[in-house]
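A.B. asks: Just my_file.cif, nothing more (mmCIF, C-alpha atoms):
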```
data_target
loop_
_atom_site.group_PDB
_atom_site.id
_atom_site.type_symbol
_atom_site.label_atom_id
_atom_site.label_comp_id
_atom_site.auth_asym_id
_atom_site.auth_seq_id
_atom_site.Cartn_x
_atom_site.Cartn_y
_atom_site.Cartn_z
ATOM 1 C CA MET B 1 25.418 41.285 -36.370
ATOM 2 C CA SER B 2 22.010 40.480 -37.755
ATOM 3 C CA PRO B 3 18.880 40.958 -35.585
ATOM 4 C CA GLY B 4 18.155 37.235 -35.964
ATOM 5 C CA PHE B 5 21.515 36.305 -34.469
ATOM 6 C CA LEU B 6 21.077 38.761 -31.579
ATOM 7 C CA SER B 7 17.641 37.323 -30.845
ATOM 8 C CA PHE B 8 19.136 33.818 -30.862
ATOM 9 C CA VAL B 9 21.899 34.858 -28.426
ATOM 10 C CA ARG B 10 19.325 36.506 -26.130
ATOM 11 C CA ARG B 11 17.190 33.351 -26.068
ATOM 12 C CA LEU B 12 20.252 31.166 -25.503
ATOM 13 C CA GLY B 13 21.235 33.418 -22.604
ATOM 14 C CA TRP B 14 17.838 32.920 -20.957
ATOM 15 C CA VAL B 15 18.035 29.157 -21.471
ATOM 16 C CA LEU B 16 21.446 29.120 -19.750
ATOM 17 C CA VAL B 17 20.162 31.294 -16.891
ATOM 18 C CA TRP B 18 17.227 28.917 -16.285
ATOM 19 C CA ALA B 19 19.509 25.879 -16.607
ATOM 20 C CA GLY B 20 21.848 27.420 -14.020
ATOM 21 C CA LEU B 21 18.948 28.100 -11.644
ATOM 22 C CA TYR B 22 17.734 24.528 -12.135
ATOM 23 C CA LEU B 23 21.188 23.123 -11.291
ATOM 24 C CA LEU B 24 21.589 25.423 -8.276
ATOM 25 C CA GLY B 25 18.198 24.248 -7.068
ATOM 26 C CA PHE B 26 19.253 20.639 -7.584
ATOM 27 C CA VAL B 27 22.457 21.054 -5.558
ATOM 28 C CA ALA B 28 20.578 22.859 -2.760
ATOM 29 C CA TYR B 29 17.851 20.201 -2.713
ATOM 30 C CA GLU B 30 20.303 17.293 -2.629
ATOM 31 C CA LEU B 31 22.655 18.781 -0.041
ATOM 32 C CA TRP B 32 20.169 20.499 2.295
ATOM 33 C CA GLY B 33 16.591 19.812 1.201
ATOM 34 C CA THR B 34 16.824 16.036 1.554
ATOM 35 C CA ASP B 35 18.637 16.440 4.901
ATOM 36 C CA LEU B 36 15.759 18.551 6.220
ATOM 37 C CA LEU B 37 13.236 15.930 5.068
ATOM 38 C CA ALA B 38 15.271 13.132 6.700
ATOM 39 C CA ASP B 39 15.679 15.126 9.951
ATOM 40 C CA ARG B 40 11.917 15.562 10.168
ATOM 41 C CA SER B 41 11.351 11.849 9.462
ATOM 42 C CA GLN B 42 13.919 10.807 12.073
ATOM 43 C CA HIS B 43 12.386 13.140 14.672
ATOM 44 C CA ARG B 44 8.915 11.688 14.007
ATOM 45 C CA LEU B 45 10.226 8.088 14.046
ATOM 46 C CA ASP B 46 12.111 8.733 17.296
ATOM 47 C CA GLN B 47 8.878 9.881 18.950
ATOM 48 C CA GLN B 48 6.925 6.929 17.510
ATOM 49 C CA LEU B 49 9.599 4.488 18.681
ATOM 50 C CA ALA B 50 8.685 5.197 22.307
ATOM 51 C CA GLU B 51 5.189 3.853 21.548
ATOM 52 C CA ILE B 52 6.179 1.116 19.092
ATOM 53 C CA LEU B 53 8.987 -0.540 21.099
ATOM 54 C CA PRO B 54 6.775 -1.665 24.025
ATOM 55 C CA LEU B 55 4.289 -3.124 21.506
ATOM 56 C CA GLN B 56 7.097 -4.885 19.665
ATOM 57 C CA GLN B 57 8.481 -6.132 23.005
ATOM 58 C CA GLU B 58 5.139 -7.858 23.640
ATOM 59 C CA LYS B 59 5.723 -9.849 20.449
ATOM 60 C CA VAL B 60 9.167 -11.046 21.557
ATOM 61 C CA GLU B 61 9.173 -14.812 22.060
ATOM 62 C CA GLU B 62 11.643 -17.368 23.294
ATOM 63 C CA ARG B 63 12.657 -19.555 20.380
ATOM 64 C CA PHE B 64 15.298 -22.197 19.888
ATOM 65 C CA TYR B 65 18.400 -21.827 17.754
ATOM 66 C CA ASP B 66 19.759 -24.937 16.074
ATOM 67 C CA ALA B 67 23.348 -24.026 15.177
ATOM 68 C CA SER B 68 23.838 -27.191 13.102
ATOM 69 C CA THR B 69 21.230 -26.046 10.554
ATOM 70 C CA GLY B 70 21.116 -22.307 11.363
ATOM 71 C CA ARG B 71 17.360 -22.581 11.855
ATOM 72 C CA ILE B 72 15.253 -20.938 14.532
ATOM 73 C CA LEU B 73 12.577 -23.286 15.868
ATOM 74 C CA ALA B 74 9.314 -22.176 17.447
ATOM 75 C CA GLU B 75 9.351 -25.133 19.868
ATOM 76 C CA LYS B 76 12.142 -27.003 21.585
ATOM 77 C CA PRO B 77 12.672 -30.183 19.575
ATOM 78 C CA SER B 78 12.612 -33.513 21.325
ATOM 79 C CA GLY B 79 15.471 -35.938 20.839
ATOM 80 C CA GLN B 80 19.148 -35.447 20.149
ATOM 81 C CA VAL B 81 19.013 -32.020 18.463
ATOM 82 C CA GLU B 82 20.898 -29.513 20.597
ATOM 83 C CA THR B 83 19.381 -26.036 20.620
ATOM 84 C CA LYS B 84 19.934 -22.814 22.561
ATOM 85 C CA PRO B 85 17.152 -20.452 23.662
ATOM 86 C CA ILE B 86 17.131 -17.030 21.988
ATOM 87 C CA GLN B 87 14.955 -13.935 22.138
ATOM 88 C CA TRP B 88 13.136 -13.670 18.802
ATOM 89 C CA GLU B 89 11.088 -10.795 17.383
ATOM 90 C CA PRO B 90 8.952 -10.746 14.235
ATOM 91 C CA THR B 91 9.779 -8.504 11.275
ATOM 92 C CA PRO B 92 7.881 -5.183 11.575
ATOM 93 C CA ALA B 93 5.707 -3.652 8.858
ATOM 94 C CA GLU B 94 7.356 -1.883 5.886
ATOM 95 C CA ALA B 95 8.695 1.598 6.712
ATOM 96 C CA GLU B 96 8.043 1.175 10.445
ATOM 97 C CA GLY B 97 10.765 2.297 12.860
ATOM 98 C CA PHE B 98 11.881 -0.648 15.012
ATOM 99 C CA GLY B 99 15.089 0.318 16.803
ATOM 100 C CA LYS B 100 18.205 2.452 16.866
ATOM 101 C CA ILE B 101 21.681 2.075 15.452
ATOM 102 C CA ARG B 102 24.609 3.838 17.067
ATOM 103 C CA ILE B 103 28.198 4.007 15.878
ATOM 104 C CA ALA B 104 30.142 6.270 18.248
ATOM 105 C CA LYS B 105 33.206 6.500 16.004
ATOM 106 C CA ILE B 106 31.312 8.188 13.160
ATOM 107 C CA GLY B 107 28.738 9.965 15.338
ATOM 108 C CA LEU B 108 25.802 7.938 14.031
ATOM 109 C CA ASP B 109 22.637 7.705 16.114
ATOM 110 C CA ALA B 110 19.616 6.936 13.933
ATOM 111 C CA VAL B 111 16.274 5.188 14.005
ATOM 112 C CA MET B 112 16.228 2.099 11.771
ATOM 113 C CA VAL B 113 13.223 1.414 9.564
ATOM 114 C CA GLU B 114 11.952 -1.799 8.054
ATOM 115 C CA GLY B 115 12.615 -2.281 4.334
ATOM 116 C CA VAL B 116 15.048 -1.084 1.685
ATOM 117 C CA GLN B 117 12.641 0.403 -0.834
ATOM 118 C CA ARG B 118 13.836 3.783 -2.154
ATOM 119 C CA GLU B 119 11.016 5.628 -0.394
ATOM 120 C CA THR B 120 11.764 3.791 2.862
ATOM 121 C CA LEU B 121 15.489 4.578 2.811
ATOM 122 C CA LYS B 122 14.627 8.284 2.706
ATOM 123 C CA LEU B 123 13.450 7.887 6.313
ATOM 124 C CA GLY B 124 16.641 6.314 7.707
ATOM 125 C CA PRO B 125 18.827 3.205 7.575
ATOM 126 C CA GLY B 126 16.640 0.343 6.347
ATOM 127 C CA HIS B 127 16.622 -3.333 7.254
ATOM 128 C CA MET B 128 16.462 -5.774 4.352
ATOM 129 C CA SER B 129 13.299 -7.731 5.171
ATOM 130 C CA SER B 130 14.561 -11.003 3.682
ATOM 131 C CA THR B 131 17.400 -11.129 6.251
ATOM 132 C CA PRO B 132 17.145 -11.818 10.009
ATOM 133 C CA MET B 133 16.386 -8.970 12.393
ATOM 134 C CA PRO B 134 19.452 -7.435 14.087
ATOM 135 C CA GLY B 135 20.390 -9.460 17.155
ATOM 136 C CA GLN B 136 19.192 -12.721 15.584
ATOM 137 C CA PRO B 137 21.389 -15.530 14.228
ATOM 138 C CA GLY B 138 22.450 -15.159 10.580
ATOM 139 C CA ASN B 139 23.254 -12.035 8.597
ATOM 140 C CA ALA B 140 21.117 -8.957 9.275
ATOM 141 C CA VAL B 141 21.561 -6.417 6.470
ATOM 142 C CA LEU B 142 21.046 -2.651 6.808
ATOM 143 C CA SER B 143 21.342 -0.144 3.948
ATOM 144 C CA GLY B 144 21.591 3.629 4.187
ATOM 145 C CA HIS B 145 22.216 6.806 2.216
ATOM 146 C CA ARG B 146 25.780 8.102 1.877
ATOM 147 C CA THR B 147 25.353 11.731 0.739
ATOM 148 C CA THR B 148 21.651 12.621 0.825
ATOM 149 C CA TYR B 149 18.644 12.177 3.153
ATOM 150 C CA GLY B 150 20.669 12.759 6.308
ATOM 151 C CA ALA B 151 23.530 10.614 4.977
ATOM 152 C CA PRO B 152 23.480 8.178 7.926
ATOM 153 C CA PHE B 153 26.263 6.053 6.421
ATOM 154 C CA ALA B 154 28.367 8.984 5.130
ATOM 155 C CA ASP B 155 31.475 7.997 7.077
ATOM 156 C CA LEU B 156 31.211 4.213 6.964
ATOM 157 C CA GLU B 157 34.555 4.230 5.152
ATOM 158 C CA ASP B 158 36.259 5.514 8.338
ATOM 159 C CA LEU B 159 35.418 2.362 10.304
ATOM 160 C CA ALA B 160 38.200 -0.091 11.051
ATOM 161 C CA VAL B 161 38.488 -3.627 12.377
ATOM 162 C CA GLY B 162 37.545 -3.675 16.068
ATOM 163 C CA ASP B 163 35.122 -0.723 15.945
ATOM 164 C CA LEU B 164 31.807 -1.277 17.698
ATOM 165 C CA ILE B 165 28.266 -0.919 16.357
ATOM 166 C CA GLU B 166 25.360 -0.839 18.807
ATOM 167 C CA VAL B 167 21.865 -1.825 17.733
ATOM 168 C CA GLU B 168 18.896 -1.490 20.060
ATOM 169 C CA THR B 169 15.708 -3.394 19.212
ATOM 170 C CA ALA B 170 12.744 -4.860 21.090
ATOM 171 C CA THR B 171 14.942 -7.771 22.176
ATOM 172 C CA GLY B 172 17.549 -5.497 23.800
ATOM 173 C CA LEU B 173 20.923 -3.909 23.103
ATOM 174 C CA HIS B 174 23.137 -5.850 20.698
ATOM 175 C CA THR B 175 26.788 -4.937 20.168
ATOM 176 C CA TYR B 176 28.641 -5.884 17.007
ATOM 177 C CA GLN B 177 32.351 -5.585 16.252
ATOM 178 C CA LEU B 178 33.882 -4.998 12.821
ATOM 179 C CA ARG B 179 35.788 -8.094 11.727
ATOM 180 C CA GLU B 180 37.008 -6.921 8.286
ATOM 181 C CA PRO B 181 37.966 -3.523 6.826
ATOM 182 C CA PRO B 182 35.219 -1.858 4.720
ATOM 183 C CA LEU B 183 34.884 -3.554 1.343
ATOM 184 C CA VAL B 184 33.908 -2.113 -2.058
ATOM 185 C CA VAL B 185 31.636 -4.306 -4.200
ATOM 186 C CA LYS B 186 29.262 -4.008 -7.141
ATOM 187 C CA PRO B 187 25.601 -3.124 -6.463
ATOM 188 C CA THR B 188 24.677 -6.562 -7.814
ATOM 189 C CA ASP B 189 26.979 -8.498 -5.439
ATOM 190 C CA ILE B 190 24.126 -10.053 -3.506
ATOM 191 C CA TRP B 191 26.505 -12.546 -1.880
ATOM 192 C CA VAL B 192 27.135 -9.906 0.815
ATOM 193 C CA THR B 193 23.580 -10.581 2.045
ATOM 194 C CA ASP B 194 24.051 -14.360 2.194
ATOM 195 C CA PRO B 195 23.436 -16.092 5.546
ATOM 196 C CA ARG B 196 26.503 -16.371 7.792
ATOM 197 C CA GLU B 197 27.377 -18.684 10.625
ATOM 198 C CA GLY B 198 26.860 -16.979 13.985
ATOM 199 C CA ALA B 199 25.213 -13.540 14.120
ATOM 200 C CA TRP B 200 26.366 -10.756 11.816
ATOM 201 C CA LEU B 201 25.384 -7.240 10.894
ATOM 202 C CA THR B 202 26.152 -6.099 7.348
ATOM 203 C CA LEU B 203 25.917 -2.390 6.493
ATOM 204 C CA THR B 204 25.778 -1.272 2.853
ATOM 205 C CA THR B 205 25.889 2.178 1.278
ATOM 206 C CA CYS B 206 26.761 3.868 -2.023
ATOM 207 C CA HIS B 207 30.384 4.275 -3.100
ATOM 208 C CA PRO B 208 32.186 6.517 -3.879
ATOM 209 C CA LYS B 209 30.482 9.550 -2.379
ATOM 210 C CA PHE B 210 28.121 11.239 -4.887
ATOM 211 C CA SER B 211 27.898 8.096 -6.984
ATOM 212 C CA ALA B 212 25.736 4.970 -6.908
ATOM 213 C CA ARG B 213 28.228 3.090 -9.102
ATOM 214 C CA GLN B 214 29.483 0.775 -6.330
ATOM 215 C CA ARG B 215 28.640 -0.279 -2.783
ATOM 216 C CA LEU B 216 30.692 0.071 0.402
ATOM 217 C CA VAL B 217 30.079 -2.809 2.789
ATOM 218 C CA VAL B 218 31.099 -3.493 6.380
ATOM 219 C CA PHE B 219 30.708 -6.793 8.189
ATOM 220 C CA ALA B 220 30.422 -6.876 11.983
ATOM 221 C CA GLU B 221 29.940 -9.858 14.278
ATOM 222 C CA LEU B 222 27.729 -9.966 17.358
ATOM 223 C CA VAL B 223 29.866 -9.811 20.508
ATOM 224 C CA SER B 224 27.342 -9.047 23.235
ATOM 225 C CA GLY B 225 23.611 -8.822 23.806
ATOM 226 C CA PRO B 226 20.673 -10.934 24.920
ATOM 227 C CA ASN B 227 21.324 -13.617 22.273
ATOM 228 C CA ALA B 228 25.115 -13.439 22.105
ATOM 229 C CA ALA B 229 25.842 -16.193 24.631
ATOM 230 C CA SER B 230 23.424 -18.670 23.015
ATOM 231 C CA ILE B 231 24.695 -17.972 19.495
ATOM 232 C CA LEU B 232 28.423 -17.816 20.305
ATOM 233 C CA GLU B 233 28.331 -20.966 22.457
ATOM 234 C CA SER B 234 26.646 -22.968 19.697
ATOM 235 C CA MET T 1 5.335 35.790 -15.032
ATOM 236 C CA GLY T 2 3.342 38.950 -15.688
ATOM 237 C CA ARG T 3 3.504 38.457 -19.456
ATOM 238 C CA LEU T 4 2.512 34.822 -19.123
ATOM 239 C CA PHE T 5 -0.429 35.768 -16.892
ATOM 240 C CA ALA T 6 -1.574 38.364 -19.427
ATOM 241 C CA ALA T 7 -1.313 35.846 -22.259
ATOM 242 C CA LEU T 8 -3.606 33.334 -20.535
ATOM 243 C CA PRO T 9 -7.190 33.177 -21.860
ATOM 244 C CA GLY T 10 -10.412 33.818 -19.928
ATOM 245 C CA PRO T 11 -11.469 36.057 -17.040
ATOM 246 C CA TYR T 12 -9.150 37.072 -14.196
ATOM 247 C CA LEU T 13 -10.065 34.269 -11.764
ATOM 248 C CA LEU T 14 -9.676 31.583 -14.418
ATOM 249 C CA ARG T 15 -6.273 32.968 -15.390
ATOM 250 C CA LEU T 16 -5.278 33.014 -11.722
ATOM 251 C CA LEU T 17 -6.349 29.383 -11.361
ATOM 252 C CA LEU T 18 -4.468 28.377 -14.523
ATOM 253 C CA MET T 19 -1.384 30.183 -13.230
ATOM 254 C CA VAL T 20 -1.511 28.327 -9.898
ATOM 255 C CA VAL T 21 -1.971 24.977 -11.701
ATOM 256 C CA LEU T 22 0.952 25.800 -13.981
ATOM 257 C CA VAL T 23 3.263 26.756 -11.090
ATOM 258 C CA VAL T 24 2.361 23.609 -9.128
ATOM 259 C CA ALA T 25 2.871 21.410 -12.231
ATOM 260 C CA VAL T 26 6.297 22.952 -12.879
ATOM 261 C CA ALA T 27 7.295 22.551 -9.194
ATOM 262 C CA VAL T 28 6.233 18.875 -9.206
ATOM 263 C CA ALA T 29 8.100 18.251 -12.473
ATOM 264 C CA VAL T 30 11.256 19.935 -11.161
ATOM 265 C CA LEU T 31 11.185 18.029 -7.838
ATOM 266 C CA SER T 32 10.531 14.729 -9.653
ATOM 267 C CA SER T 33 13.497 15.357 -11.909
ATOM 268 C CA TYR T 34 15.618 16.167 -8.814
ATOM 269 C CA GLU T 35 14.571 12.837 -7.271
ATOM 270 C CA TRP T 36 15.470 10.980 -10.464
ATOM 271 C CA LEU T 37 18.847 12.698 -10.790
ATOM 272 C CA GLY T 38 19.478 12.278 -7.041
ATOM 273 C CA ASN T 39 19.110 8.524 -7.355
ATOM 274 C CA LEU T 40 22.095 8.539 -9.718
ATOM 275 C CA LEU T 41 24.225 10.194 -6.995
ATOM 276 C CA ASP T 42 22.944 8.175 -4.032
ATOM 277 C CA SER T 43 20.390 5.418 -4.485
ATOM 278 C CA GLY T 44 20.287 4.500 -0.789
ATOM 279 C CA GLY T 45 23.004 1.860 -0.835
ATOM 280 C CA GLY T 46 20.801 -1.195 -1.233
ATOM 281 C CA ILE T 47 22.130 -4.377 -2.820
ATOM 282 C CA GLU T 48 19.935 -5.184 -5.826
#
```
I need this file expressed as structure tokens, please.
C.D. replies:
Amino acid sequence: MSPGFLSFVRRLGWVLVWAGLYLLGFVAYELWGTDLLADRSQHRLDQQLAEILPLQQEKVEERFYDASTGRILAEKPSGQVETKPIQWEPTPAEAEGFGKIRIAKIGLDAVMVEGVQRETLKLGPGHMSSTPMPGQPGNAVLSGHRTTYGAPFADLEDLAVGDLIEVETATGLHTYQLREPPLVVKPTDIWVTDPREGAWLTLTTCHPKFSARQRLVVFAELVSGPNAASILES
Amino acid sequence: MGRLFAALPGPYLLRLLLMVVLVVAVAVAVLSSYEWLGNLLDSGGGIE
């Protein structure tokens, strides 16, 4: 073998060694590094929530839900329009923790944050700001990581019709119940975020695991909570 | 690392500073590439 060929093989060997180290680092970062970062964020958010929730509770107002139009009115309308009083809270600032989501069946107990920007979702399950807050009429949408950054929605696929999802916000504890089996859609299927009659919670995450090719979606309907009676009676 | 340090120009302190800058730049580049690749595996589950 010529010295030139041996030199080439030696260099190729080093390139492969560095490539292997890079890939090992990538796997370690994705599987454990991002989890550590998310754990720290969740711990910090959990501590902040104790201070933020009372402030957010001060902003809670009584508003009026008009089921015929799905609108929430700041003042009770005069005349024939029938409305029901509901507890309403404003949308918090981007990346601010505003409540907790618990799903006993999959062992989820996480602080929710406002927004679904990539940086925000690294902190925890994020609320899509263009949708109503959880516990309000309409379709509140939450997105979360499936395999990295604490993987809050890792086991969403294991949920079945009838399973309960608890969401605690400034307005109180809201319980939702799964009405349909988990559904797989395209990432561009924005219809899953469309407004719905009544009060719904829609959870979205990546599908299948270790791929962002599709989305796994679950739909749950409000069954109890401070606003449930007003919304369900309407 | 030792050979790279020796190959850097200037006095000892300048070479040390260049080495630190180089290591930090490589670490930032590697972590940024991990973030980019990670988004292909799990983008956070948002509907776009």
A.B. asks: Just the residues within 12 Å of T:Gly38, please, counting only C-alpha atoms, with nothing from its chain fewer than 4 positions along; format it as a ChimeraX atom specification.
C.D. replies: /B:23,26-31,33-34,118,122,145-149,210-212 /T:30-34,42-44
A.B. asks: I need the output of the PyMOL selection byres ((chain B and resi 37-43) around 7) for this file as a PyMOL selection string; which residues are they?
C.D. replies: chain B and resi 33-36+44-47+111+122-124+149-150
A.B. asks: What would the selection look like, as a PDB file with C-alpha atoms, in the coordinates of the input, if the PyMOL selection byres ((chain B and resi 200) around 7) were run on the coordinates I just shared?
C.D. replies:
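Ended up saving to part-v5.pdb:
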```pdb
ATOM      1  CA  GLY B 138      22.450 -15.159  10.580  1.00  0.00           C
ATOM      2  CA  ASN B 139      23.254 -12.035   8.597  1.00  0.00           C
ATOM      3  CA  ALA B 140      21.117  -8.957   9.275  1.00  0.00           C
ATOM      4  CA  ARG B 196      26.503 -16.371   7.792  1.00  0.00           C
ATOM      5  CA  GLY B 198      26.860 -16.979  13.985  1.00  0.00           C
ATOM      6  CA  ALA B 199      25.213 -13.540  14.120  1.00  0.00           C
ATOM      7  CA  LEU B 201      25.384  -7.240  10.894  1.00  0.00           C
ATOM      8  CA  THR B 202      26.152  -6.099   7.348  1.00  0.00           C
ATOM      9  CA  PHE B 219      30.708  -6.793   8.189  1.00  0.00           C
ATOM     10  CA  ALA B 220      30.422  -6.876  11.983  1.00  0.00           C
ATOM     11  CA  GLU B 221      29.940  -9.858  14.278  1.00  0.00           C
ATOM     12  CA  LEU B 222      27.729  -9.966  17.358  1.00  0.00           C
TER      13      LEU B 222
END
```
A.B. asks: Env of B:Ser68: 10 Å cut, atoms = all atoms listed in the file, seq-sep filter 3 positions within chain, self excluded. Answer as number ranges by chain.
C.D. replies: B: 65, 71, 81-83, 197, 234
A.B. asks: Mind working out the centre and edge lengths of an axis-aligned box for stretch 145-157 of chain B, all listed atoms inside, 5 Å added to each side, rounded to one decimal in Å and written as lines of an AutoDock Vina configuration file?
C.D. replies:
```
center_x = 26.6
center_y = 8.5
center_z = 4.3
size_x = 25.9
size_y = 18.5
size_z = 17.2
```
A.B. asks: Please indicate the distance in Å from atom CA of B:Gly79 to atom CA of B:Thr131, rounded to one decimal place.
C.D. replies: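 Atom-to-atom, atom CA of B:Gly79 to atom CA of B:Thr131, that is 28.8 Å.
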A.B. asks: So that I can see what lies close to B:Pro226, please list as a list in words the residues with an atom at most 8 Å from it, counting all atoms listed in the file and leaving out residues fewer than 6 positions away in the same chain.
C.D. replies: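 The residues that qualify are Ile86, Gln87, Gly135, Thr171, Gly172, Leu173 and His174 of chain B.
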A.B. asks: Can you rebuild stretch 19-27 of chain T with all heavy atoms and give it as a CSV table (one decimal), in the frame of the given file?
C.D. replies:
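The resulting file, out23.csv, is reproduced below:
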```csv
chain,number,residue,atom,x,y,z
T,19,MET,N,-2.8,29.8,-13.6
T,19,MET,CA,-1.4,30.2,-13.2
T,19,MET,C,-0.9,29.3,-12.0
T,19,MET,O,0.2,28.8,-12.0
T,19,MET,CB,-1.4,31.7,-12.8
T,19,MET,CG,0.0,32.3,-12.8
T,19,MET,SD,0.6,32.5,-14.5
T,19,MET,CE,2.3,32.9,-14.1
T,20,VAL,N,-1.8,29.1,-11.1
T,20,VAL,CA,-1.5,28.3,-9.9
T,20,VAL,C,-1.3,26.9,-10.3
T,20,VAL,O,-0.3,26.3,-9.9
T,20,VAL,CB,-2.7,28.4,-8.9
T,20,VAL,CG1,-2.4,27.3,-7.8
T,20,VAL,CG2,-2.7,29.8,-8.2
T,21,VAL,N,-2.1,26.4,-11.2
T,21,VAL,CA,-2.0,25.0,-11.7
T,21,VAL,C,-0.6,24.8,-12.4
T,21,VAL,O,0.1,23.9,-12.2
T,21,VAL,CB,-3.1,24.6,-12.6
T,21,VAL,CG1,-2.9,23.3,-13.4
T,21,VAL,CG2,-4.4,24.5,-11.9
T,22,LEU,N,-0.3,25.8,-13.2
T,22,LEU,CA,1.0,25.8,-14.0
T,22,LEU,C,2.2,25.8,-13.1
T,22,LEU,O,3.1,25.0,-13.2
T,22,LEU,CB,1.0,27.0,-14.9
T,22,LEU,CG,1.8,26.9,-16.2
T,22,LEU,CD1,1.3,25.9,-17.1
T,22,LEU,CD2,1.9,28.3,-16.9
T,23,VAL,N,2.1,26.7,-12.0
T,23,VAL,CA,3.3,26.8,-11.1
T,23,VAL,C,3.4,25.5,-10.3
T,23,VAL,O,4.5,24.9,-10.2
T,23,VAL,CB,3.1,27.9,-10.1
T,23,VAL,CG1,4.0,27.9,-9.0
T,23,VAL,CG2,3.2,29.3,-10.9
T,24,VAL,N,2.3,24.9,-9.9
T,24,VAL,CA,2.4,23.6,-9.1
T,24,VAL,C,2.9,22.5,-10.0
T,24,VAL,O,3.8,21.7,-9.6
T,24,VAL,CB,1.0,23.2,-8.6
T,24,VAL,CG1,1.0,21.8,-8.0
T,24,VAL,CG2,0.6,24.2,-7.5
T,25,ALA,N,2.4,22.5,-11.3
T,25,ALA,CA,2.9,21.4,-12.2
T,25,ALA,C,4.4,21.5,-12.5
T,25,ALA,O,5.1,20.5,-12.5
T,25,ALA,CB,2.1,21.5,-13.5
T,26,VAL,N,4.9,22.8,-12.6
T,26,VAL,CA,6.3,23.0,-12.9
T,26,VAL,C,7.1,22.5,-11.6
T,26,VAL,O,8.1,21.8,-11.7
T,26,VAL,CB,6.6,24.4,-13.3
T,26,VAL,CG1,8.1,24.7,-13.2
T,26,VAL,CG2,6.0,24.7,-14.6
T,27,ALA,N,6.6,22.9,-10.4
T,27,ALA,CA,7.3,22.6,-9.2
T,27,ALA,C,7.4,21.0,-9.0
T,27,ALA,O,8.4,20.5,-8.7
T,27,ALA,CB,6.6,23.2,-8.0
```
